[in-house]
file protein_13.tsv (TSV, C-alpha atoms and all ligand atoms)
chain	number	residue	atom	x	y	z
A	20	MET	CA	0.00	0.00	0.00
A	21	SER	CA	1.38	3.45	-0.78
A	22	GLN	CA	1.87	5.89	2.07
A	23	ILE	CA	-0.94	8.04	0.75
A	24	SER	CA	-3.53	5.32	0.44
A	25	ARG	CA	-2.47	3.89	3.76
A	26	ARG	CA	-2.87	7.23	5.52
A	27	LYS	CA	-6.27	7.58	3.95
A	28	PHE	CA	-7.21	4.16	5.17
A	29	LEU	CA	-6.05	4.78	8.72
A	30	ALA	CA	-7.88	8.08	8.76
A	31	GLY	CA	-11.03	6.15	8.04
A	32	GLY	CA	-11.37	7.41	4.49
A	33	THR	CA	-12.35	5.39	1.48
A	34	VAL	CA	-10.02	2.54	0.75
A	35	PHE	CA	-8.69	2.92	-2.70
A	36	LEU	CA	-5.67	1.12	-3.98
A	37	SER	CA	-4.63	2.15	-7.41
A	38	LEU	CA	-2.84	-0.29	-9.63
A	39	ALA	CA	0.13	2.07	-9.57
A	40	ALA	CA	0.24	1.99	-5.78
A	41	GLU	CA	0.17	-1.78	-5.79
A	42	THR	CA	2.79	-2.00	-8.48
A	43	GLU	CA	4.94	0.39	-6.50
A	44	LEU	CA	4.53	-1.89	-3.53
A	45	LEU	CA	5.53	-4.92	-5.52
A	46	ALA	CA	8.57	-3.20	-6.94
A	47	GLY	CA	9.41	-1.50	-3.66
A	48	PRO	CA	12.33	-2.20	-1.38
A	49	ILE	CA	12.49	-5.36	0.69
A	50	PRO	CA	10.93	-4.59	4.09
A	51	ALA	CA	13.39	-3.79	6.87
A	52	GLY	CA	14.79	-6.85	8.54
A	53	MET	CA	14.43	-8.98	5.45
A	54	ALA	CA	17.43	-7.70	3.55
A	55	GLU	CA	19.59	-10.60	4.49
A	56	GLU	CA	21.85	-12.27	2.05
A	57	ALA	CA	20.05	-14.41	-0.49
A	58	LYS	CA	20.93	-18.00	0.04
A	59	VAL	CA	20.51	-21.54	-1.06
A	60	GLU	CA	21.57	-23.62	1.86
A	61	LEU	CA	22.66	-27.21	1.75
A	62	VAL	CA	21.09	-28.38	5.01
A	63	ALA	CA	22.08	-32.03	4.65
A	64	PRO	CA	23.49	-34.06	1.76
A	65	ASP	CA	21.08	-33.56	-1.20
A	66	VAL	CA	18.67	-31.45	0.91
A	67	TYR	CA	18.40	-27.74	0.20
A	68	PHE	CA	16.65	-24.79	1.80
A	69	HIS	CA	15.94	-21.56	-0.09
A	70	GLN	CA	14.79	-18.53	1.88
A	71	GLY	CA	12.26	-16.31	0.15
A	72	GLN	CA	11.93	-12.53	0.33
A	73	VAL	CA	15.58	-11.83	0.95
A	74	ALA	CA	17.79	-9.51	-1.02
A	75	ASP	CA	18.58	-11.26	-4.30
A	76	ASN	CA	15.78	-13.77	-4.42
A	77	ALA	CA	12.78	-11.54	-3.78
A	78	ASP	CA	10.92	-13.27	-6.63
A	79	ALA	CA	10.65	-16.23	-4.33
A	80	VAL	CA	8.10	-15.11	-1.76
A	81	CYS	CA	7.77	-18.18	0.41
A	82	ASN	CA	10.63	-20.37	1.49
A	83	ASN	CA	11.37	-23.46	-0.56
A	84	GLY	CA	13.20	-26.70	-0.16
A	85	TRP	CA	14.27	-29.41	-2.52
A	86	ILE	CA	15.57	-32.92	-2.14
A	87	LEU	CA	17.73	-34.62	-4.76
A	88	PHE	CA	16.62	-38.23	-4.93
A	89	GLU	CA	18.60	-40.70	-7.01
A	90	ASP	CA	16.36	-40.30	-10.07
A	91	TYR	CA	14.45	-37.06	-9.57
A	92	VAL	CA	14.01	-33.89	-7.55
A	93	LEU	CA	11.15	-33.23	-5.11
A	94	VAL	CA	10.50	-29.54	-4.46
A	95	VAL	CA	8.75	-28.25	-1.35
A	96	ASP	CA	6.30	-25.51	-2.37
A	97	ALA	CA	5.70	-24.15	-5.85
A	98	ASN	CA	5.98	-20.47	-4.88
A	99	PHE	CA	4.57	-17.79	-7.19
A	100	PRO	CA	5.29	-18.29	-10.91
A	101	ALA	CA	8.26	-15.89	-10.75
A	102	GLY	CA	9.54	-17.74	-7.69
A	103	ALA	CA	9.06	-21.09	-9.42
A	104	ARG	CA	11.20	-19.95	-12.34
A	105	LEU	CA	13.91	-18.74	-9.98
A	106	ILE	CA	13.90	-21.98	-8.00
A	107	ILE	CA	13.99	-24.11	-11.13
A	108	SER	CA	16.99	-22.16	-12.44
A	109	LYS	CA	18.80	-22.68	-9.15
A	110	ILE	CA	18.02	-26.40	-9.13
A	111	ARG	CA	19.18	-26.63	-12.75
A	112	SER	CA	22.54	-25.17	-11.73
A	113	LEU	CA	22.93	-28.09	-9.30
A	114	THR	CA	21.58	-31.09	-11.20
A	115	ASP	CA	20.15	-32.37	-14.50
A	116	LYS	CA	17.75	-34.74	-12.73
A	117	PRO	CA	14.11	-34.22	-13.64
A	118	ILE	CA	12.21	-31.95	-11.28
A	119	ARG	CA	9.44	-34.48	-10.92
A	120	PHE	CA	7.29	-33.27	-8.02
A	121	ALA	CA	6.28	-29.92	-6.53
A	122	PHE	CA	4.63	-30.33	-3.13
A	123	ASP	CA	2.22	-27.52	-2.19
A	124	THR	CA	2.20	-27.23	1.62
A	125	HIS	CA	-1.10	-25.31	1.28
A	126	HIS	CA	-3.27	-23.46	-1.21
A	127	HIS	CA	-2.00	-19.88	-0.86
A	128	GLY	CA	-0.63	-18.17	-3.94
A	129	ASP	CA	2.92	-17.84	-2.73
A	130	HIS	CA	3.01	-21.61	-2.19
A	131	ALA	CA	0.90	-22.93	-5.07
A	132	TYR	CA	0.50	-20.44	-7.92
A	133	GLY	CA	3.77	-21.63	-9.49
A	134	ASN	CA	2.35	-25.13	-10.10
A	135	GLN	CA	1.83	-24.56	-13.82
A	136	VAL	CA	5.49	-23.54	-14.22
A	137	PHE	CA	6.52	-26.88	-12.72
A	138	VAL	CA	4.09	-28.68	-15.03
A	139	GLU	CA	5.74	-27.00	-18.03
A	140	ASN	CA	9.03	-28.32	-16.72
A	141	ASP	CA	7.64	-31.88	-16.57
A	142	GLY	CA	6.77	-31.71	-12.88
A	143	VAL	CA	3.57	-32.79	-11.12
A	144	PRO	CA	2.01	-30.73	-8.30
A	145	VAL	CA	1.34	-32.89	-5.25
A	146	ALA	CA	-0.71	-32.01	-2.17
A	147	TYR	CA	-2.91	-33.10	0.68
A	148	THR	CA	-6.54	-33.34	-0.46
A	149	GLY	CA	-7.41	-30.37	1.78
A	150	VAL	CA	-5.46	-28.09	-0.57
A	151	VAL	CA	-7.91	-28.74	-3.38
A	152	GLU	CA	-10.84	-28.31	-0.98
A	153	GLU	CA	-9.44	-24.90	0.00
A	154	MET	CA	-8.87	-23.99	-3.64
A	155	LYS	CA	-12.49	-24.82	-4.40
A	156	ARG	CA	-13.45	-22.39	-1.62
A	157	TYR	CA	-11.24	-19.46	-2.67
A	158	GLU	CA	-10.24	-19.98	-6.31
A	159	THR	CA	-13.70	-19.46	-7.70
A	160	GLY	CA	-12.28	-18.11	-10.95
A	161	TYR	CA	-10.95	-21.56	-11.78
A	162	TYR	CA	-13.92	-23.56	-10.56
A	163	ASP	CA	-16.96	-21.53	-11.52
A	164	GLY	CA	-15.85	-18.40	-13.34
A	165	LYS	CA	-16.50	-15.94	-10.50
A	166	PRO	CA	-13.28	-13.94	-9.85
A	167	GLY	CA	-11.41	-15.44	-6.92
A	168	ARG	CA	-8.06	-14.86	-5.29
A	169	TRP	CA	-5.98	-15.54	-8.38
A	170	GLU	CA	-7.89	-12.92	-10.36
A	171	LYS	CA	-7.68	-10.42	-7.50
A	172	ALA	CA	-3.93	-10.91	-7.13
A	173	ALA	CA	-3.49	-10.48	-10.89
A	174	GLN	CA	-5.59	-7.33	-10.78
A	175	ALA	CA	-3.57	-6.02	-7.85
A	176	GLY	CA	-0.44	-6.11	-9.99
A	177	ARG	CA	1.21	-9.52	-9.83
A	178	LYS	CA	2.42	-9.51	-13.40
A	179	ASP	CA	3.76	-13.07	-13.34
A	180	LEU	CA	0.19	-14.37	-13.12
A	181	ALA	CA	-0.56	-13.02	-16.59
A	182	THR	CA	1.76	-15.50	-18.29
A	183	THR	CA	0.50	-18.62	-16.61
A	184	ARG	CA	-2.61	-20.04	-14.94
A	185	LEU	CA	-3.84	-21.73	-11.80
A	186	LYS	CA	-3.04	-25.41	-11.79
A	187	PRO	CA	-4.49	-27.29	-8.82
A	188	PRO	CA	-2.39	-30.22	-7.60
A	189	SER	CA	-3.33	-33.45	-9.34
A	190	VAL	CA	-1.57	-36.06	-7.22
A	191	LEU	CA	-3.38	-36.01	-3.90
A	192	PHE	CA	-2.99	-37.82	-0.59
A	193	SER	CA	-5.58	-38.06	2.18
A	194	LYS	CA	-3.17	-38.59	5.09
A	195	ASP	CA	0.39	-39.05	3.98
A	196	LEU	CA	2.58	-39.81	0.98
A	197	ILE	CA	6.05	-41.27	1.19
A	198	PHE	CA	8.97	-40.83	-1.18
A	199	ASP	CA	11.72	-43.35	-0.41
A	200	ASP	CA	14.45	-44.55	-2.74
A	201	GLY	CA	16.49	-46.27	-0.05
A	202	LYS	CA	18.81	-43.34	0.30
A	203	HIS	CA	16.39	-40.54	1.04
A	204	ARG	CA	12.97	-40.63	2.63
A	205	VAL	CA	10.48	-37.78	2.67
A	206	GLU	CA	7.09	-38.15	4.32
A	207	LEU	CA	4.41	-35.66	3.36
A	208	MET	CA	1.89	-35.50	6.16
A	209	HIS	CA	-1.26	-33.67	7.16
A	210	LEU	CA	-0.92	-33.09	10.92
A	211	GLY	CA	-4.15	-31.16	11.42
A	212	VAL	CA	-5.76	-27.80	10.80
A	213	ALA	CA	-3.41	-24.86	11.32
A	214	HIS	CA	-2.68	-21.92	8.99
A	215	THR	CA	-5.35	-23.32	6.64
A	216	HIS	CA	-7.62	-26.35	6.60
A	217	GLY	CA	-5.29	-28.04	4.15
A	218	ASP	CA	-1.77	-27.79	5.54
A	219	ALA	CA	0.79	-30.54	5.21
A	220	VAL	CA	4.46	-30.75	6.09
A	221	ALA	CA	7.46	-32.61	4.67
A	222	TRP	CA	9.34	-34.70	7.20
A	223	LEU	CA	12.77	-36.22	6.56
A	224	PRO	CA	13.14	-38.79	9.37
A	225	LYS	CA	16.74	-39.74	8.57
A	226	GLU	CA	18.05	-36.19	8.67
A	227	LYS	CA	15.44	-35.01	11.22
A	228	ILE	CA	14.55	-32.06	9.00
A	229	LEU	CA	11.01	-30.66	8.91
A	230	PHE	CA	9.69	-28.39	6.17
A	231	THR	CA	6.64	-26.84	7.80
A	232	GLY	CA	5.07	-24.57	5.20
A	233	ASP	CA	3.18	-21.86	7.09
A	234	VAL	CA	2.27	-24.16	9.95
A	235	CYS	CA	5.36	-22.53	11.44
A	236	VAL	CA	7.01	-19.24	10.49
A	237	ASN	CA	9.93	-17.39	11.99
A	238	GLY	CA	8.85	-13.76	12.39
A	239	PRO	CA	5.67	-11.63	12.15
A	240	TYR	CA	4.21	-13.59	9.23
A	241	ASN	CA	1.22	-15.40	10.74
A	242	PHE	CA	-1.93	-15.01	8.69
A	243	VAL	CA	-4.77	-16.63	10.62
A	244	GLY	CA	-7.78	-15.83	8.42
A	245	ASP	CA	-8.07	-19.22	6.69
A	246	GLY	CA	-7.17	-21.43	9.64
A	247	ASP	CA	-8.00	-22.03	13.28
A	248	VAL	CA	-5.67	-20.79	16.02
A	249	GLY	CA	-6.94	-23.24	18.64
A	250	LYS	CA	-6.41	-26.24	16.38
A	251	TRP	CA	-3.10	-24.76	15.22
A	252	VAL	CA	-1.69	-25.15	18.76
A	253	ALA	CA	-2.54	-28.87	18.66
A	254	THR	CA	-1.09	-29.28	15.17
A	255	LEU	CA	2.16	-27.69	16.34
A	256	GLU	CA	2.18	-30.18	19.21
A	257	ALA	CA	2.02	-32.99	16.66
A	258	ALA	CA	4.83	-31.35	14.70
A	259	LYS	CA	6.99	-31.10	17.82
A	260	LYS	CA	6.55	-34.83	18.47
A	261	LEU	CA	8.34	-35.66	15.22
A	262	GLY	CA	11.61	-34.67	16.89
A	263	ALA	CA	13.01	-32.37	14.21
A	264	GLN	CA	16.45	-30.91	14.69
A	265	ILE	CA	16.26	-28.56	11.73
A	266	VAL	CA	13.06	-26.67	10.97
A	267	CYS	CA	12.69	-25.01	7.58
A	268	THR	CA	9.78	-22.64	8.12
A	269	GLY	CA	7.40	-21.22	5.51
A	270	HIS	CA	8.65	-17.65	5.96
A	271	GLY	CA	11.70	-16.32	7.77
A	272	ALA	CA	15.04	-17.91	8.55
A	273	ARG	CA	15.39	-21.62	9.12
A	274	ALA	CA	15.92	-22.63	12.72
A	275	GLY	CA	16.22	-25.46	15.20
A	276	ALA	CA	13.42	-27.28	17.01
A	277	SER	CA	12.85	-24.28	19.29
A	278	VAL	CA	11.04	-22.37	16.55
A	279	LEU	CA	8.13	-24.83	16.84
A	280	GLU	CA	8.02	-24.12	20.57
A	281	ASP	CA	8.15	-20.38	19.95
A	282	GLN	CA	5.42	-20.42	17.32
A	283	GLN	CA	3.20	-22.48	19.58
A	284	ALA	CA	3.99	-20.28	22.61
A	285	PHE	CA	2.89	-17.23	20.63
A	286	PHE	CA	-0.52	-18.71	19.87
A	287	LYS	CA	-0.93	-20.05	23.41
A	288	ALA	CA	-0.11	-16.64	24.90
A	289	LEU	CA	-2.39	-14.92	22.43
A	290	ARG	CA	-5.27	-17.21	23.38
A	291	GLU	CA	-4.58	-16.75	27.10
A	292	GLN	CA	-4.41	-12.98	26.83
A	293	VAL	CA	-7.52	-12.65	24.69
A	294	GLY	CA	-9.32	-15.12	26.94
A	295	ALA	CA	-8.42	-13.21	30.10
A	296	ALA	CA	-8.75	-9.63	28.89
A	297	MET	CA	-11.40	-9.77	26.20
A	298	ALA	CA	-13.59	-12.86	26.24
A	299	LYS	CA	-15.97	-11.61	28.91
A	300	ARG	CA	-16.36	-8.24	27.22
A	301	ALA	CA	-18.65	-7.24	24.41
A	302	PRO	CA	-16.83	-6.55	21.13
A	303	GLN	CA	-16.91	-2.76	21.40
A	304	ASP	CA	-15.44	-2.88	24.89
A	305	ALA	CA	-13.03	-5.74	24.17
A	306	LYS	CA	-11.31	-3.85	21.39
A	307	GLY	CA	-9.92	-1.39	23.93
A	308	GLN	CA	-7.67	-4.18	25.26
A	309	MET	CA	-5.88	-4.67	21.96
A	310	GLU	CA	-2.73	-2.66	22.63
A	311	ALA	CA	-2.35	-3.88	26.20
A	312	ILE	CA	-2.35	-7.44	24.85
A	313	ARG	CA	0.14	-6.49	22.16
A	314	ALA	CA	2.43	-4.93	24.78
A	315	ALA	CA	2.21	-8.00	27.00
A	316	LEU	CA	3.17	-10.31	24.13
A	317	LYS	CA	5.92	-7.98	22.94
A	318	GLY	CA	7.34	-8.14	26.46
A	319	ASN	CA	7.85	-11.88	26.17
A	320	ALA	CA	11.28	-12.39	24.54
A	321	GLN	CA	10.42	-15.89	23.31
A	322	ILE	CA	7.56	-14.68	21.15
A	323	ALA	CA	8.12	-10.93	20.62
A	324	ARG	CA	9.25	-11.47	17.02
A	325	TYR	CA	5.81	-12.83	16.09
A	326	VAL	CA	4.02	-9.64	17.15
A	327	SER	CA	3.70	-7.07	14.37
A	328	GLU	CA	4.29	-3.35	14.94
A	329	GLN	CA	1.24	-1.22	15.63
A	330	GLY	CA	0.17	0.72	12.55
A	331	SER	CA	2.81	-0.87	10.31
A	332	ALA	CA	1.74	-1.82	6.79
A	333	ASP	CA	2.08	-5.44	7.82
A	334	ASP	CA	0.20	-5.11	11.09
A	335	SER	CA	-1.73	-8.34	11.23
A	336	PHE	CA	-2.00	-8.34	15.04
A	337	PRO	CA	-5.54	-6.89	15.25
A	338	SER	CA	-6.81	-9.59	12.91
A	339	GLN	CA	-5.03	-12.28	14.94
A	340	VAL	CA	-6.69	-10.97	18.10
A	341	GLY	CA	-10.02	-10.74	16.30
A	342	LYS	CA	-9.78	-14.32	15.06
A	343	VAL	CA	-8.99	-15.66	18.53
A	344	TYR	CA	-11.80	-13.58	20.08
A	345	GLU	CA	-14.18	-15.05	17.54
A	346	GLU	CA	-12.94	-18.58	18.19
A	347	LEU	CA	-13.37	-18.11	21.96
A	348	THR	CA	-16.68	-16.26	22.02
A	349	GLY	CA	-18.40	-16.89	18.71
A	350	ARG	CA	-18.65	-13.12	18.28
A	351	LYS	CA	-16.83	-10.83	15.94
A	352	LEU	CA	-14.93	-7.75	17.00
A	353	ALA	CA	-16.71	-4.78	15.45
A	354	MET	CA	-13.75	-3.69	13.37
A	355	LEU	CA	-12.99	-7.15	12.21
A	356	ALA	CA	-14.25	-6.76	8.69
A	357	THR	CA	-11.91	-3.83	8.22
A	358	GLU	CA	-9.07	-5.48	10.02
A	359	ARG	CA	-9.52	-8.68	8.14
A	360	TRP	CA	-9.12	-6.62	5.06
A	361	LEU	CA	-5.94	-5.13	6.44
A	362	ALA	CA	-4.69	-8.53	7.45
A	363	ARG	CA	-5.44	-10.01	4.09
A	364	HIS	CA	-3.61	-7.15	2.59
A	365	ALA	CA	-0.71	-7.47	4.99
A	366	HIS	CA	-0.57	-11.18	4.28
A	367	GLY	CA	-0.77	-10.40	0.60
A	368	ARG	CA	2.13	-8.06	1.05
A	369	ALA	CA	4.15	-10.59	2.99
A	370	HIS	CA	3.09	-13.23	0.53
A	371	GLY	CA	3.49	-11.05	-2.54
A	372	LEU	CA	-0.16	-10.04	-2.77
A	373	ALA	CA	-1.38	-13.59	-3.01
A	374	LEU	CA	-4.45	-12.72	-1.06
A	375	ALA	CA	-4.86	-9.04	-1.76
A	401	ZN	ZN	0.02	-18.98	3.59

call {"tool": "encode", "arguments": {"input": "protein_13.tsv", "output": "structure tokens", "more": "lines below"}}
Ligand SMILES: [Zn+2]
result
Amino acid sequence: MSQISRRKFLAGGTVFLSLAAETELLAGPIPAGMAEEAKVELVAPDVYFHQGQVADNADAVCNNGWILFEDYVLVVDANFPAGARLIISKIRSLTDKPIRFAFDTHHHGDHAYGNQVFVENDGVPVAYTGVVEEMKRYETGYYDGKPGRWEKAAQAGRKDLATTRLKPPSVLFSKDLIFDDGKHRVELMHLGVAHTHGDAVAWLPKEKILFTGDVCVNGPYNFVGDGDVGKWVATLEAAKKLGAQIVCTGHGARAGASVLEDQQAFFKALREQVGAAMAKRAPQDAKGQMEAIRAALKGNAQIARYVSEQGSADDSFPSQVGKVYEELTGRKLAMLATERWLARHAHGRAHGLALA
């Protein structure tokens, strides 16, 4: 969002985002704190991690991984089309093996809109069945001709969408899917509802590496609008039980096992705070507790990095609070519609306008 349109929005004026403003946003500088060195990391023999949204690989919005099996390559997440092309070029500089599978950890654009690019490179998009169910919910342009998220993201200025199309995953699993050639083993698993109703992770039991998609992020990147925060805590518990030593998150730097603890602690604290300070209050009254809750969470060093800055363009905190309030009370915070909009936009920004 441009400064001008943002100011207008905060002042309560009409929300109007021109194409130019959105394009400016897309072409704009990498947000502070993200300008780390672009990297492809070899995390274990034949296992790579690629961090999105850092200096030289900004085309790749989400994080990616890839595993070089004996006969083919399995990629974790398809990214946006521009990200897919970048990833494929980086894989091609490492190996001539066919890039056979692209695993979508969930349905969001920054994780799945690059599917068609993989198809054109002889790959097959693979996902948990819940990904297609979510696509049917949100990608109405593909399923019944009514503009959905893809069309809105294209309209908002994601130029790479113009040269390709939505390609839902066509190899689906209902619980898990295992790739094992004797040397490497990757288990794709749905552990429960979390960031969406269709999340799955990639677990490498030999190397104890977990690719989480957005079930776990490392920084203020949680978008909660399509998922369930209460169930998310339980899904993170299941993820912790795997015993990962290296956690490649969906956004932000890769980390050790503690990032699963931290992500879970953030949601637990958020639920506790909203439960204690807001749940007994009516929406209009409850809203007044927002900044006190933010301050309390910011004061907790373990989870402070998950709490967005008040008033920042990426401030998704009000929508996170609103979602939890709704889960706990069945009522909506009065401003939620607006804040959901902001959150969607913030998520779209963090995710390259996937959900604008
Ligand atoms: Zn997402």

call {"tool": "residues_near_ligand", "arguments": {"input": "protein_13.tsv", "ligand": "ligand ZN 401 (chain A)", "cutoff": "10 Å", "atoms": "only C-alpha atoms and all ligand atoms", "output": "mmCIF file with C-alpha atoms, in the coordinates of the input"}}
result
data_model
loop_
_atom_site.group_PDB
_atom_site.id
_atom_site.type_symbol
_atom_site.label_atom_id
_atom_site.label_comp_id
_atom_site.auth_asym_id
_atom_site.auth_seq_id
_atom_site.Cartn_x
_atom_site.Cartn_y
_atom_site.Cartn_z
ATOM 1 C CA CYS A 81 7.770 -18.180 0.410
ATOM 2 C CA THR A 124 2.200 -27.230 1.620
ATOM 3 C CA HIS A 125 -1.100 -25.310 1.280
ATOM 4 C CA HIS A 126 -3.270 -23.460 -1.210
ATOM 5 C CA HIS A 127 -2.000 -19.880 -0.860
ATOM 6 C CA GLY A 128 -0.630 -18.170 -3.940
ATOM 7 C CA ASP A 129 2.920 -17.840 -2.730
ATOM 8 C CA HIS A 130 3.010 -21.610 -2.190
ATOM 9 C CA ALA A 131 0.900 -22.930 -5.070
ATOM 10 C CA HIS A 214 -2.680 -21.920 8.990
ATOM 11 C CA THR A 215 -5.350 -23.320 6.640
ATOM 12 C CA ASP A 218 -1.770 -27.790 5.540
ATOM 13 C CA GLY A 232 5.070 -24.570 5.200
ATOM 14 C CA ASP A 233 3.180 -21.860 7.090
ATOM 15 C CA VAL A 234 2.270 -24.160 9.950
ATOM 16 C CA VAL A 236 7.010 -19.240 10.490
ATOM 17 C CA TYR A 240 4.210 -13.590 9.230
ATOM 18 C CA ASN A 241 1.220 -15.400 10.740
ATOM 19 C CA PHE A 242 -1.930 -15.010 8.690
ATOM 20 C CA VAL A 243 -4.770 -16.630 10.620
ATOM 21 C CA GLY A 244 -7.780 -15.830 8.420
ATOM 22 C CA ASP A 245 -8.070 -19.220 6.690
ATOM 23 C CA GLY A 246 -7.170 -21.430 9.640
ATOM 24 C CA GLY A 269 7.400 -21.220 5.510
ATOM 25 C CA HIS A 270 8.650 -17.650 5.960
ATOM 26 C CA HIS A 366 -0.570 -11.180 4.280
ATOM 27 C CA GLY A 367 -0.770 -10.400 0.600
ATOM 28 C CA ALA A 369 4.150 -10.590 2.990
ATOM 29 C CA HIS A 370 3.090 -13.230 0.530
ATOM 30 C CA ALA A 373 -1.380 -13.590 -3.010
ATOM 31 C CA LEU A 374 -4.450 -12.720 -1.060
#

call {"tool": "atom_distance", "arguments": {"input": "protein_13.tsv", "atom1": "CA of Asp123 (chain A)", "atom2": "CA of Thr183 (chain A)"}}
result
17.0 Å

call {"tool": "atom_distance", "arguments": {"input": "protein_13.tsv", "atom1": "CA of Glu256 (chain A)", "atom2": "CA of Val205 (chain A)"}}
result
20.0 Å

call {"tool": "axis_aligned_box", "arguments": {"input": "protein_13.tsv", "around": "region 258-261 of chain A", "padding_each_side": "5 Å", "output": "JSON"}}
result
{"center_x": 6.6, "center_y": -33.4, "center_z": 16.6, "size_x": 13.5, "size_y": 14.6, "size_z": 13.8}

call {"tool": "atom_distance", "arguments": {"input": "protein_13.tsv", "atom1": "CA of Lys116 (chain A)", "atom2": "CA of Leu87 (chain A)"}}
result
8.0 Å
